[in-house]
file query.pdb (PDB, C-alpha atoms and all ligand atoms)
ATOM      1  CA  MET F   1      17.803  17.259   7.806
ATOM      2  CA  HIS F   2      14.495  18.105   9.509
ATOM      3  CA  ARG F   3      11.487  16.517   7.831
ATOM      4  CA  PRO F   4       8.044  17.682   8.981
ATOM      5  CA  LYS F   5       6.130  14.835  10.585
ATOM      6  CA  ILE F   6       2.874  14.526  12.475
ATOM      7  CA  SER F   7       1.980  11.677  14.800
ATOM      8  CA  LEU F   8      -0.762   9.330  13.579
ATOM      9  CA  ILE F   9       0.242   5.709  14.202
ATOM     10  CA  GLN F  10       1.406   3.636  17.153
ATOM     11  CA  ALA F  11       4.940   2.651  16.205
ATOM     12  CA  PRO F  12       6.760   0.358  16.300
ATOM     13  CA  THR F  13       3.968  -1.928  15.169
ATOM     14  CA  PRO F  14       4.099  -5.469  16.645
ATOM     15  CA  LEU F  15       6.541  -7.964  15.149
ATOM     16  CA  HIS F  16       5.908 -11.533  16.272
ATOM     17  CA  ARG F  17       6.460 -15.133  15.329
ATOM     18  CA  LEU F  18       3.755 -17.290  13.739
ATOM     19  CA  ASP F  19       4.412 -20.577  15.548
ATOM     20  CA  ARG F  20       1.716 -22.725  13.941
ATOM     21  CA  ALA F  21       2.304 -21.498  10.388
ATOM     22  CA  SER F  22       6.077 -21.868  10.914
ATOM     23  CA  VAL F  23       5.696 -25.570  11.716
ATOM     24  CA  ASP F  24       3.250 -26.054   8.862
ATOM     25  CA  MET F  25       5.305 -24.205   6.245
ATOM     26  CA  GLY F  26       8.732 -25.397   7.395
ATOM     27  CA  ILE F  27      10.200 -21.893   7.793
ATOM     28  CA  ASP F  28      10.779 -19.517  10.717
ATOM     29  CA  LEU F  29       7.896 -17.172   9.925
ATOM     30  CA  TRP F  30       7.355 -13.761  11.542
ATOM     31  CA  ILE F  31       4.777 -11.094  10.855
ATOM     32  CA  LYS F  32       5.065  -7.290  10.975
ATOM     33  CA  ARG F  33       1.664  -5.958  11.970
ATOM     34  CA  ASP F  34       1.019  -2.751  10.048
ATOM     35  CA  ASP F  35      -2.617  -3.882  10.115
ATOM     36  CA  LEU F  36      -2.386  -2.771  13.771
ATOM     37  CA  THR F  37      -1.135   0.808  13.447
ATOM     38  CA  GLY F  38      -4.011   1.998  15.624
ATOM     39  CA  PHE F  39      -4.877   4.635  13.020
ATOM     40  CA  ALA F  40      -7.939   4.687  10.747
ATOM     41  CA  MET F  41      -8.374   0.892  10.900
ATOM     42  CA  GLY F  42      -4.729   0.191  10.154
ATOM     43  CA  GLY F  43      -2.592  -0.262   7.073
ATOM     44  CA  ASN F  44       0.739   0.760   5.591
ATOM     45  CA  LYS F  45      -0.479   4.198   4.474
ATOM     46  CA  GLY F  46      -0.562   5.597   8.022
ATOM     47  CA  ARG F  47       3.244   5.613   8.042
ATOM     48  CA  LYS F  48       3.455   7.533   4.779
ATOM     49  CA  LEU F  49       0.773   9.970   5.894
ATOM     50  CA  GLU F  50       2.723  11.021   8.982
ATOM     51  CA  TYR F  51       5.268  12.609   6.632
ATOM     52  CA  ILE F  52       2.922  13.498   3.750
ATOM     53  CA  MET F  53       0.520  15.416   5.998
ATOM     54  CA  GLY F  54       3.477  16.888   7.888
ATOM     55  CA  GLU F  55       4.717  18.309   4.585
ATOM     56  CA  ALA F  56       1.199  19.392   3.532
ATOM     57  CA  LEU F  57       0.682  21.322   6.778
ATOM     58  CA  ALA F  58       4.138  22.881   6.548
ATOM     59  CA  GLN F  59       3.137  24.195   3.113
ATOM     60  CA  GLY F  60      -0.120  25.616   4.476
ATOM     61  CA  ALA F  61      -2.405  23.146   2.677
ATOM     62  CA  GLU F  62      -6.151  23.568   3.086
ATOM     63  CA  ALA F  63      -7.153  20.660   0.852
ATOM     64  CA  ALA F  64      -5.463  17.347   0.002
ATOM     65  CA  VAL F  65      -6.270  15.833  -3.396
ATOM     66  CA  THR F  66      -5.413  12.341  -4.611
ATOM     67  CA  CYS F  67      -6.752   9.483  -6.749
ATOM     68  CA  GLY F  68      -7.128   5.708  -6.693
ATOM     69  CA  ALA F  69      -9.562   2.839  -6.957
ATOM     70  CA  THR F  70     -12.985   3.516  -5.435
ATOM     71  CA  GLN F  71     -12.187   1.091  -2.591
ATOM     72  CA  SER F  72      -8.669   2.505  -2.104
ATOM     73  CA  ASN F  73      -7.122   1.977   1.314
ATOM     74  CA  PHE F  74      -4.992   5.050   0.746
ATOM     75  CA  ILE F  75      -7.970   7.330   0.092
ATOM     76  CA  ARG F  76      -9.592   6.096   3.326
ATOM     77  CA  GLN F  77      -6.484   6.712   5.435
ATOM     78  CA  LEU F  78      -5.751  10.055   3.758
ATOM     79  CA  GLY F  79      -9.332  11.153   4.433
ATOM     80  CA  VAL F  80      -8.940  10.354   8.112
ATOM     81  CA  ALA F  81      -5.514  12.026   8.328
ATOM     82  CA  ALA F  82      -6.860  15.132   6.599
ATOM     83  CA  ALA F  83      -9.848  15.258   8.956
ATOM     84  CA  VAL F  84      -7.537  14.976  11.978
ATOM     85  CA  CYS F  85      -5.502  17.901  10.602
ATOM     86  CA  GLY F  86      -8.526  20.044   9.758
ATOM     87  CA  VAL F  87      -7.785  19.818   6.022
ATOM     88  CA  GLN F  88     -10.376  18.979   3.353
ATOM     89  CA  CYS F  89      -9.878  15.779   1.357
ATOM     90  CA  ALA F  90     -10.986  15.140  -2.224
ATOM     91  CA  ALA F  91     -10.268  12.101  -4.363
ATOM     92  CA  ALA F  92     -10.820  11.103  -7.979
ATOM     93  CA  ALA F  93     -11.646   7.402  -8.246
ATOM     94  CA  MET F  94     -12.433   4.680 -10.743
ATOM     95  CA  GLN F  95     -14.028   1.415  -9.744
ATOM     96  CA  THR F  96     -11.194  -0.502 -11.457
ATOM     97  CA  PRO F  97      -8.469   1.675 -12.989
ATOM     98  CA  CYS F  98      -7.019  -0.499 -15.714
ATOM     99  CA  GLU F  99      -4.908  -0.340 -18.874
ATOM    100  CA  PHE F 100      -7.139  -2.886 -20.583
ATOM    101  CA  ASN F 101     -10.208  -2.051 -22.600
ATOM    102  CA  PRO F 102     -12.849  -3.177 -21.786
ATOM    103  CA  PRO F 103     -11.970  -3.263 -18.080
ATOM    104  CA  LEU F 104     -12.230  -6.416 -16.036
ATOM    105  CA  THR F 105     -15.418  -7.140 -14.152
ATOM    106  CA  ASP F 106     -15.823  -5.495 -10.759
ATOM    107  CA  GLY F 107     -14.213  -7.325  -7.879
ATOM    108  CA  LEU F 108     -15.484  -5.116  -5.087
ATOM    109  CA  THR F 109     -18.740  -3.352  -4.306
ATOM    110  CA  ARG F 110     -19.174   0.378  -4.956
ATOM    111  CA  ASP F 111     -20.189   1.080  -1.387
ATOM    112  CA  GLY F 112     -19.377  -0.440   2.020
ATOM    113  CA  GLY F 113     -15.746  -1.137   2.934
ATOM    114  CA  ASN F 114     -13.414   1.833   2.498
ATOM    115  CA  VAL F 115     -16.105   3.905   0.771
ATOM    116  CA  ALA F 116     -18.326   3.706   3.852
ATOM    117  CA  LEU F 117     -15.445   4.636   6.168
ATOM    118  CA  GLY F 118     -14.637   7.595   3.920
ATOM    119  CA  GLU F 119     -18.187   8.863   4.299
ATOM    120  CA  TRP F 120     -17.780   8.989   8.097
ATOM    121  CA  VAL F 121     -14.901  11.466   7.769
ATOM    122  CA  GLY F 122     -16.346  13.459   4.865
ATOM    123  CA  ILE F 123     -14.113  12.537   1.909
ATOM    124  CA  ASP F 124     -15.275  14.316  -1.271
ATOM    125  CA  LEU F 125     -15.119  11.216  -3.507
ATOM    126  CA  HIS F 126     -15.687  11.648  -7.262
ATOM    127  CA  VAL F 127     -16.138   8.349  -9.101
ATOM    128  CA  TYR F 128     -15.474   8.370 -12.877
ATOM    129  CA  PRO F 129     -16.088   5.676 -15.499
ATOM    130  CA  ASP F 130     -13.265   3.119 -15.640
ATOM    131  CA  GLY F 131     -10.237   4.010 -17.735
ATOM    132  CA  THR F 132      -6.463   4.180 -17.579
ATOM    133  CA  TRP F 133      -4.282   5.425 -14.730
ATOM    134  CA  ASP F 134      -3.283   8.403 -16.912
ATOM    135  CA  GLU F 135      -6.939   9.341 -17.281
ATOM    136  CA  LEU F 136      -7.443   8.975 -13.535
ATOM    137  CA  ASN F 137      -4.476  11.269 -12.831
ATOM    138  CA  ALA F 138      -5.996  13.842 -15.215
ATOM    139  CA  HIS F 139      -9.292  13.706 -13.288
ATOM    140  CA  ALA F 140      -7.381  14.277 -10.044
ATOM    141  CA  GLU F 141      -5.711  17.329 -11.545
ATOM    142  CA  ASP F 142      -9.121  18.712 -12.619
ATOM    143  CA  LEU F 143     -10.361  18.166  -9.078
ATOM    144  CA  ALA F 144      -7.320  19.928  -7.604
ATOM    145  CA  GLN F 145      -7.920  22.907  -9.885
ATOM    146  CA  MET F 146     -11.589  22.975  -8.894
ATOM    147  CA  TYR F 147     -10.540  23.314  -5.240
ATOM    148  CA  GLU F 148      -8.031  26.026  -6.172
ATOM    149  CA  ARG F 149     -10.766  27.973  -7.950
ATOM    150  CA  ARG F 150     -12.635  27.852  -4.629
ATOM    151  CA  GLY F 151      -9.672  29.686  -3.134
ATOM    152  CA  LEU F 152      -8.099  26.777  -1.245
ATOM    153  CA  ARG F 153      -4.398  25.951  -1.136
ATOM    154  CA  VAL F 154      -4.165  22.403  -2.510
ATOM    155  CA  TYR F 155      -1.595  19.715  -1.734
ATOM    156  CA  ARG F 156      -1.474  17.063  -4.513
ATOM    157  CA  ILE F 157      -0.646  13.456  -3.550
ATOM    158  CA  PRO F 158       0.142  10.690  -6.065
ATOM    159  CA  VAL F 159      -1.733   7.385  -6.028
ATOM    160  CA  GLY F 160      -1.028   5.311  -2.919
ATOM    161  CA  GLY F 161       0.978   8.118  -1.310
ATOM    162  CA  SER F 162       3.945   7.040  -3.414
ATOM    163  CA  SER F 163       5.948  10.238  -3.426
ATOM    164  CA  PRO F 164       9.590  10.246  -2.272
ATOM    165  CA  THR F 165       8.216  11.478   1.072
ATOM    166  CA  GLY F 166       5.994   8.382   1.320
ATOM    167  CA  ALA F 167       8.974   6.147   0.467
ATOM    168  CA  TYR F 168      11.030   7.898   3.155
ATOM    169  CA  ALA F 169       8.472   6.754   5.737
ATOM    170  CA  PHE F 170       9.096   3.140   4.716
ATOM    171  CA  TRP F 171      12.857   3.592   4.793
ATOM    172  CA  GLU F 172      12.335   4.643   8.405
ATOM    173  CA  ALA F 173       9.950   1.717   9.025
ATOM    174  CA  GLY F 174      12.741  -0.671   8.023
ATOM    175  CA  ARG F 175      14.513   0.274  11.248
ATOM    176  CA  GLU F 176      11.695  -1.364  13.241
ATOM    177  CA  VAL F 177      12.832  -4.737  11.873
ATOM    178  CA  GLY F 178      16.298  -6.080  12.707
ATOM    179  CA  PRO F 179      18.834  -7.060  10.037
ATOM    180  CA  ASP F 180      18.609 -10.793  10.719
ATOM    181  CA  PHE F 181      15.753 -11.864   8.426
ATOM    182  CA  ASP F 182      16.580 -13.754   5.249
ATOM    183  CA  CYS F 183      13.755 -12.010   3.462
ATOM    184  CA  ILE F 184      10.776  -9.702   3.869
ATOM    185  CA  VAL F 185       7.664 -10.401   1.776
ATOM    186  CA  PHE F 186       4.792  -7.943   1.261
ATOM    187  CA  ALA F 187       2.224  -6.627  -1.213
ATOM    188  CA  SER F 188       3.613  -4.140  -3.709
ATOM    189  CA  SER F 189       1.658  -1.721  -5.860
ATOM    190  CA  SER F 190       2.334   2.009  -6.129
ATOM    191  CA  GLY F 191       5.859   1.352  -4.865
ATOM    192  CA  SER F 192       6.737   3.459  -1.841
ATOM    193  CA  THR F 193       6.588   0.457   0.507
ATOM    194  CA  GLN F 194       9.033  -1.501  -1.660
ATOM    195  CA  VAL F 195      11.297   1.438  -2.484
ATOM    196  CA  GLY F 196      11.584   2.490   1.160
ATOM    197  CA  LEU F 197      12.327  -1.060   2.317
ATOM    198  CA  ALA F 198      14.782  -1.638  -0.554
ATOM    199  CA  HIS F 199      16.747   1.410   0.610
ATOM    200  CA  ALA F 200      16.541   0.319   4.251
ATOM    201  CA  PHE F 201      17.903  -3.194   3.649
ATOM    202  CA  ARG F 202      20.244  -2.640   0.696
ATOM    203  CA  ASP F 203      23.432  -3.328   2.660
ATOM    204  CA  THR F 204      22.114  -6.297   4.639
ATOM    205  CA  LYS F 205      21.522  -9.966   3.884
ATOM    206  CA  THR F 206      17.740  -9.371   3.941
ATOM    207  CA  LYS F 207      16.078  -9.755   0.535
ATOM    208  CA  VAL F 208      13.145  -7.400  -0.056
ATOM    209  CA  LEU F 209      10.543  -9.310  -2.069
ATOM    210  CA  GLY F 210       7.399  -7.588  -3.312
ATOM    211  CA  VAL F 211       4.380  -9.528  -4.542
ATOM    212  CA  ALA F 212       2.665  -7.373  -7.156
ATOM    213  CA  SER F 213      -1.010  -6.474  -6.907
ATOM    214  CA  ASP F 214      -0.896  -4.960 -10.436
ATOM    215  CA  PRO F 215      -0.128  -7.007 -13.561
ATOM    216  CA  GLU F 216       2.345  -4.517 -15.058
ATOM    217  CA  PRO F 217       5.958  -5.637 -15.641
ATOM    218  CA  GLU F 218       7.051  -2.010 -16.169
ATOM    219  CA  ILE F 219       6.187  -1.344 -12.507
ATOM    220  CA  VAL F 220       9.902  -1.660 -11.679
ATOM    221  CA  GLU F 221      10.649   1.371 -13.879
ATOM    222  CA  ASP F 222       8.302   3.412 -11.677
ATOM    223  CA  PHE F 223      10.028   1.998  -8.589
ATOM    224  CA  ALA F 224      13.441   3.030  -9.939
ATOM    225  CA  GLU F 225      12.177   6.551 -10.597
ATOM    226  CA  LEU F 226      10.747   6.748  -7.080
ATOM    227  CA  SER F 227      14.077   5.506  -5.741
ATOM    228  CA  ARG F 228      15.861   8.340  -7.563
ATOM    229  CA  GLY F 229      13.464  10.749  -5.861
ATOM    230  CA  LEU F 230      14.156   9.180  -2.462
ATOM    231  CA  ALA F 231      17.921   9.287  -3.028
ATOM    232  CA  ALA F 232      17.625  12.965  -3.933
ATOM    233  CA  LEU F 233      15.695  13.560  -0.713
ATOM    234  CA  MET F 234      18.041  11.636   1.588
ATOM    235  CA  GLY F 235      21.355  11.685  -0.209
ATOM    236  CA  GLY F 236      23.025   8.452  -1.343
ATOM    237  CA  GLU F 237      22.536   6.304  -4.396
ATOM    238  CA  PRO F 238      19.246   5.131  -5.911
ATOM    239  CA  VAL F 239      18.382   1.440  -6.284
ATOM    240  CA  ASP F 240      18.602   0.258  -9.928
ATOM    241  CA  THR F 241      15.610  -1.071 -11.871
ATOM    242  CA  ASN F 242      17.086  -4.581 -12.019
ATOM    243  CA  GLU F 243      17.666  -4.721  -8.259
ATOM    244  CA  PHE F 244      13.927  -4.613  -7.454
ATOM    245  CA  ARG F 245      12.442  -8.067  -6.962
ATOM    246  CA  VAL F 246       8.706  -8.113  -7.624
ATOM    247  CA  PHE F 247       6.771 -11.334  -8.251
ATOM    248  CA  GLN F 248       4.128 -10.692 -10.896
ATOM    249  CA  ASP F 249       2.395 -14.067 -11.000
ATOM    250  CA  MET F 250       0.059 -13.683  -7.997
ATOM    251  CA  VAL F 251      -2.211 -10.953  -9.371
ATOM    252  CA  GLY F 252      -4.860 -13.481 -10.478
ATOM    253  CA  PRO F 253      -7.639 -12.024 -12.680
ATOM    254  CA  GLY F 254      -6.321  -8.470 -12.329
ATOM    255  CA  TYR F 255      -5.725  -5.437 -10.137
ATOM    256  CA  GLY F 256      -8.553  -4.959  -7.657
ATOM    257  CA  ILE F 257     -10.107  -8.372  -8.353
ATOM    258  CA  PRO F 258      -9.901 -11.059  -5.625
ATOM    259  CA  SER F 259      -8.221 -14.314  -6.680
ATOM    260  CA  LYS F 260      -8.795 -17.913  -5.628
ATOM    261  CA  GLU F 261      -5.178 -18.199  -4.403
ATOM    262  CA  GLY F 262      -5.405 -14.939  -2.458
ATOM    263  CA  ASN F 263      -8.662 -15.909  -0.806
ATOM    264  CA  ASP F 264      -7.270 -19.339   0.064
ATOM    265  CA  ALA F 265      -4.347 -17.560   1.723
ATOM    266  CA  ILE F 266      -6.813 -15.457   3.741
ATOM    267  CA  ARG F 267      -8.560 -18.657   4.870
ATOM    268  CA  TYR F 268      -5.201 -20.262   5.701
ATOM    269  CA  LEU F 269      -3.876 -17.479   7.930
ATOM    270  CA  ALA F 270      -7.228 -16.796   9.602
ATOM    271  CA  ARG F 271      -7.687 -20.481  10.443
ATOM    272  CA  LYS F 272      -4.037 -21.155  11.357
ATOM    273  CA  GLU F 273      -3.165 -17.973  13.281
ATOM    274  CA  GLY F 274      -6.359 -15.938  13.755
ATOM    275  CA  ILE F 275      -5.030 -13.119  11.542
ATOM    276  CA  PHE F 276      -7.047 -11.732   8.629
ATOM    277  CA  LEU F 277      -5.541 -10.531   5.354
ATOM    278  CA  ASP F 278      -7.290  -8.551   2.604
ATOM    279  CA  PRO F 279      -8.439  -9.829  -0.822
ATOM    280  CA  ILE F 280      -6.622  -7.253  -3.038
ATOM    281  CA  TYR F 281      -3.140  -6.873  -1.537
ATOM    282  CA  SER F 282      -2.032  -8.790   1.551
ATOM    283  CA  GLY F 283      -3.991 -11.981   0.744
ATOM    284  CA  LYS F 284      -2.360 -12.206  -2.672
ATOM    285  CA  ALA F 285       1.025 -11.396  -1.105
ATOM    286  CA  PHE F 286       0.667 -14.234   1.405
ATOM    287  CA  ALA F 287      -0.385 -16.534  -1.445
ATOM    288  CA  GLY F 288       2.896 -15.494  -3.096
ATOM    289  CA  LEU F 289       4.808 -16.331   0.066
ATOM    290  CA  LEU F 290       3.205 -19.805   0.240
ATOM    291  CA  GLU F 291       4.066 -20.391  -3.419
ATOM    292  CA  LEU F 292       7.674 -19.215  -3.063
ATOM    293  CA  VAL F 293       8.170 -21.536  -0.088
ATOM    294  CA  LYS F 294       6.640 -24.407  -2.072
ATOM    295  CA  ARG F 295       8.985 -23.699  -5.003
ATOM    296  CA  GLY F 296      11.953 -23.650  -2.599
ATOM    297  CA  GLU F 297      12.758 -20.059  -3.559
ATOM    298  CA  ILE F 298      12.686 -18.817   0.024
ATOM    299  CA  GLU F 299      13.602 -20.443   3.317
ATOM    300  CA  GLY F 300      14.993 -19.642   6.755
ATOM    301  CA  ARG F 301      13.868 -16.652   8.799
ATOM    302  CA  VAL F 302      11.112 -14.879   6.906
ATOM    303  CA  CYS F 303       9.139 -11.735   7.760
ATOM    304  CA  PHE F 304       5.721 -11.210   6.203
ATOM    305  CA  TRP F 305       4.898  -7.482   6.325
ATOM    306  CA  HIS F 306       1.129  -7.219   6.807
ATOM    307  CA  THR F 307       0.170  -3.977   5.047
ATOM    308  CA  GLY F 308      -3.495  -3.963   6.152
ATOM    309  CA  GLY F 309      -6.413  -3.399   3.768
ATOM    310  CA  LEU F 310      -8.967  -5.159   5.959
ATOM    311  CA  PRO F 311     -12.002  -2.936   5.143
ATOM    312  CA  ASN F 312     -12.103  -4.571   1.722
ATOM    313  CA  LEU F 313     -13.120  -7.828   3.383
ATOM    314  CA  PHE F 314     -16.463  -6.044   3.770
ATOM    315  CA  ALA F 315     -16.664  -4.991   0.128
ATOM    316  CA  MET F 316     -16.382  -8.401  -1.565
ATOM    317  CA  ARG F 317     -18.881  -8.980  -4.365
ATOM    318  CA  SER F 318     -18.632 -12.737  -4.107
ATOM    319  CA  MET F 319     -16.415 -15.385  -2.580
ATOM    320  CA  VAL F 320     -14.038 -17.378  -4.772
TER     321      VAL F 320
HETATM  322  C1  LIG L 401      -3.361  -3.058   1.940
HETATM  323  C2  LIG L 401      -2.303  -2.611   1.022
HETATM  324  N1  LIG L 401      -1.167  -3.330   0.945
HETATM  325  C3  LIG L 401      -0.168  -2.984   0.125
HETATM  326  C4  LIG L 401      -0.268  -1.882  -0.701
HETATM  327  C5  LIG L 401       0.871  -1.563  -1.582
HETATM  328  O1  LIG L 401       1.675  -0.542  -1.068
HETATM  329  P1  LIG L 401       2.407   0.435  -2.048
HETATM  330  O2  LIG L 401       1.337   1.204  -2.753
HETATM  331  O3  LIG L 401       3.272   1.267  -1.183
HETATM  332  O4  LIG L 401       3.174  -0.377  -3.036
HETATM  333  C6  LIG L 401      -1.432  -1.116  -0.667
HETATM  334  C7  LIG L 401      -1.550   0.046  -1.565
HETATM  335  O5  LIG L 401      -2.570   0.460  -1.984
HETATM  336  C8  LIG L 401      -2.470  -1.482   0.220
HETATM  337  O6  LIG L 401      -3.601  -0.758   0.303
END

call {"tool": "encode", "arguments": {"input": "query.pdb", "output": "structure tokens", "more": "lines below"}}
Ligand SMILES: Cc1ncc(COP(=O)(O)O)c(C=O)c1O
result
Amino acid sequence: MHRPKISLIQAPTPLHRLDRASVDMGIDLWIKRDDLTGFAMGGNKGRKLEYIMGEALAQGAEAAVTCGATQSNFIRQLGVAAAVCGVQCAAAAMQTPCEFNPPLTDGLTRDGGNVALGEWVGIDLHVYPDGTWDELNAHAEDLAQMYERRGLRVYRIPVGGSSPTGAYAFWEAGREVGPDFDCIVFASSSGSTQVGLAHAFRDTKTKVLGVASDPEPEIVEDFAELSRGLAALMGGEPVDTNEFRVFQDMVGPGYGIPSKEGNDAIRYLARKEGIFLDPIYSGKAFAGLLELVKRGEIEGRVCFWHTGGLPNLFAMRSMV
């Protein structure tokens, strides 16, 4: 079935071996470089946006509205994609969306990083006081309605681009990686990366292992729902809740807050291989990979999927 798609990224992204880290860690370690998509300073969202903006344009959208953390990588990449397509972009944000009250202390600055990049392309960013994800979604809906009252046709996009369309992009991305890895490890949050890859590798030996950036065990329920949406889109069966493997113990102090382990992983890969990770997602995911190797839970031929996020290196409040 034809799915509208626009071209944003340079694919396939590089996939190469990490010789020094392989020797050091005692595994055959490879890296998939979605930090090098060539679009909007890189990151996994460029893939999703090729299909999301394709669909938005096919529906005649004049404004794209979403939500996320103030320093969201998705908001930055959506803003750039929208600008490229001549569509306005608005986003509702909270510094640290969180289910806990009071929220955790800020991990990132309120300007610089992704916020600064968003200003270059004219994102209409509305920052609200911290609260829950449900409250943030309600703010996004208010924003969408505000744009509609201005007479614009609005395309609504869930946090992180995690619609079935976004997950479809990662099902397709799976084809850039052969079936001969023992496992693929990556940062997992709003779910379309993990759901797409879980569908792509379900009938292979490759285990798809997410390392959570959010401390919410019920995240797998959301993944299962997204998988049902993807199965409805593509045909075939959804992946069950209990088939998703997400490691929850690498979040550190909380979502959006850098951790000691994550930052140590950034130092490790930068000093060993000359490759930077980010403090909120990919650094914590690589810390998870190091820990899983240490525990003997993974071995053999391993692919680390670098999902980007590098602008947040320039929005750190302090180093841990
Ligand atoms: C750098 C980075 N890595 C990983 C993720 C997680 O991807 P997903 O939201 O598809 O689970 C995100 C999402 O915000 C991200 O920005």

call {"tool": "resolve_selection", "arguments": {"input": "query.pdb", "expression": "the PyMOL selection byres (((not hetatm)) within 6 of (chain L and resi 401))", "output": "list in words"}}
result
Gly43, Asn73, Phe74, Gly160, Ala187, Ser188, Ser189, Ser190, Gly191, Ser192, Thr193, Tyr281, Ser282, Thr307, Gly308 and Gly309 of chain F

call {"tool": "resolve_selection", "arguments": {"input": "query.pdb", "expression": "the PyMOL selection byres (((chain F and resi 264) around 12) and not hetatm)", "output": "PDB file with C-alpha atoms, keeping the file's coordinate frame"}}
result
ATOM      1  CA  PRO F 258      -9.901 -11.059  -5.625  1.00  0.00           C
ATOM      2  CA  SER F 259      -8.221 -14.314  -6.680  1.00  0.00           C
ATOM      3  CA  LYS F 260      -8.795 -17.913  -5.628  1.00  0.00           C
ATOM      4  CA  GLU F 261      -5.178 -18.199  -4.403  1.00  0.00           C
ATOM      5  CA  GLY F 262      -5.405 -14.939  -2.458  1.00  0.00           C
ATOM      6  CA  ASN F 263      -8.662 -15.909  -0.806  1.00  0.00           C
ATOM      7  CA  ALA F 265      -4.347 -17.560   1.723  1.00  0.00           C
ATOM      8  CA  ILE F 266      -6.813 -15.457   3.741  1.00  0.00           C
ATOM      9  CA  ARG F 267      -8.560 -18.657   4.870  1.00  0.00           C
ATOM     10  CA  TYR F 268      -5.201 -20.262   5.701  1.00  0.00           C
ATOM     11  CA  LEU F 269      -3.876 -17.479   7.930  1.00  0.00           C
ATOM     12  CA  ALA F 270      -7.228 -16.796   9.602  1.00  0.00           C
ATOM     13  CA  ARG F 271      -7.687 -20.481  10.443  1.00  0.00           C
ATOM     14  CA  LYS F 272      -4.037 -21.155  11.357  1.00  0.00           C
ATOM     15  CA  PHE F 276      -7.047 -11.732   8.629  1.00  0.00           C
ATOM     16  CA  LEU F 277      -5.541 -10.531   5.354  1.00  0.00           C
ATOM     17  CA  ASP F 278      -7.290  -8.551   2.604  1.00  0.00           C
ATOM     18  CA  PRO F 279      -8.439  -9.829  -0.822  1.00  0.00           C
ATOM     19  CA  SER F 282      -2.032  -8.790   1.551  1.00  0.00           C
ATOM     20  CA  GLY F 283      -3.991 -11.981   0.744  1.00  0.00           C
ATOM     21  CA  LYS F 284      -2.360 -12.206  -2.672  1.00  0.00           C
ATOM     22  CA  ALA F 285       1.025 -11.396  -1.105  1.00  0.00           C
ATOM     23  CA  PHE F 286       0.667 -14.234   1.405  1.00  0.00           C
ATOM     24  CA  ALA F 287      -0.385 -16.534  -1.445  1.00  0.00           C
ATOM     25  CA  GLY F 288       2.896 -15.494  -3.096  1.00  0.00           C
ATOM     26  CA  LEU F 290       3.205 -19.805   0.240  1.00  0.00           C
ATOM     27  CA  GLU F 291       4.066 -20.391  -3.419  1.00  0.00           C
ATOM     28  CA  MET F 319     -16.415 -15.385  -2.580  1.00  0.00           C
ATOM     29  CA  VAL F 320     -14.038 -17.378  -4.772  1.00  0.00           C
TER      30      VAL F 320
END

call {"tool": "resolve_selection", "arguments": {"input": "query.pdb", "expression": "the PyMOL selection byres (((chain F and resi 62) around 6) and not hetatm)", "output": "ChimeraX atom specification"}}
result
/F:61,63,87,152-153

call {"tool": "atom_distance", "arguments": {"input": "query.pdb", "atom1": "atom CA of F:Thr109", "atom2": "atom CA of F:Ser318"}}
result
9.4 Å

call {"tool": "residues_around", "arguments": {"input": "query.pdb", "residues": "F:Gly210", "least_positions_apart": "3", "cutoff": "7 Å", "atoms": "all atoms listed in the file", "output": "list in words"}}
result
Val185, Phe186, Ala187, Ser188, Gln194, Arg245, Val246 and Phe247 of chain F

call {"tool": "atom_distance", "arguments": {"input": "query.pdb", "atom1": "atom CA of F:Ser227", "atom2": "atom CA of F:Lys45"}}
result
17.8 Å

call {"tool": "residues_around", "arguments": {"input": "query.pdb", "residues": "F:Asp240", "least_positions_apart": "6", "cutoff": "12 Å", "atoms": "only C-alpha atoms", "output": "number ranges by chain"}}
result
F: 195, 198-199, 202, 220-228, 231

call {"tool": "residues_near_point", "arguments": {"input": "query.pdb", "point": "(-13.0, 23.5, -2.7)", "cutoff": "10 Å", "atoms": "all atoms listed in the file", "output": "JSON, numbers by chain"}}
result
{"F": [62, 63, 88, 89, 90, 124, 143, 144, 145, 146, 147, 148, 149, 150, 151, 152, 153, 154]}

call {"tool": "residues_near_point", "arguments": {"input": "query.pdb", "point": "(2.2, 8.7, 6.8)", "cutoff": "10 Å", "atoms": "all atoms listed in the file", "output": "ChimeraX atom specification"}}
result
/F:5-9,44-54,77-78,81,161,165-170

call {"tool": "atom_distance", "arguments": {"input": "query.pdb", "atom1": "atom CA of F:Ile123", "atom2": "atom CA of F:Tyr155"}}
result
14.9 Å

call {"tool": "axis_aligned_box", "arguments": {"input": "query.pdb", "around": "stretch 308-319 of chain F", "padding_each_side": "8 Å", "output": "AutoDock Vina command-line options"}}
result
--center_x -11.2 --center_y -9.2 --center_z 0.9 --size_x 31.4 --size_y 28.4 --size_z 26.5

call {"tool": "residues_around", "arguments": {"input": "query.pdb", "residues": "F:Tyr255", "least_positions_apart": "2", "cutoff": "10 Å", "atoms": "all atoms listed in the file", "output": "list in words"}}
result
Ala69, Thr96, Pro97, Cys98, Leu104, Gly107, Ser189, Ala212, Ser213, Asp214, Pro215, Glu216, Val251, Gly252, Pro253, Ile257, Pro258, Ser259, Ile280 and Tyr281 of chain F
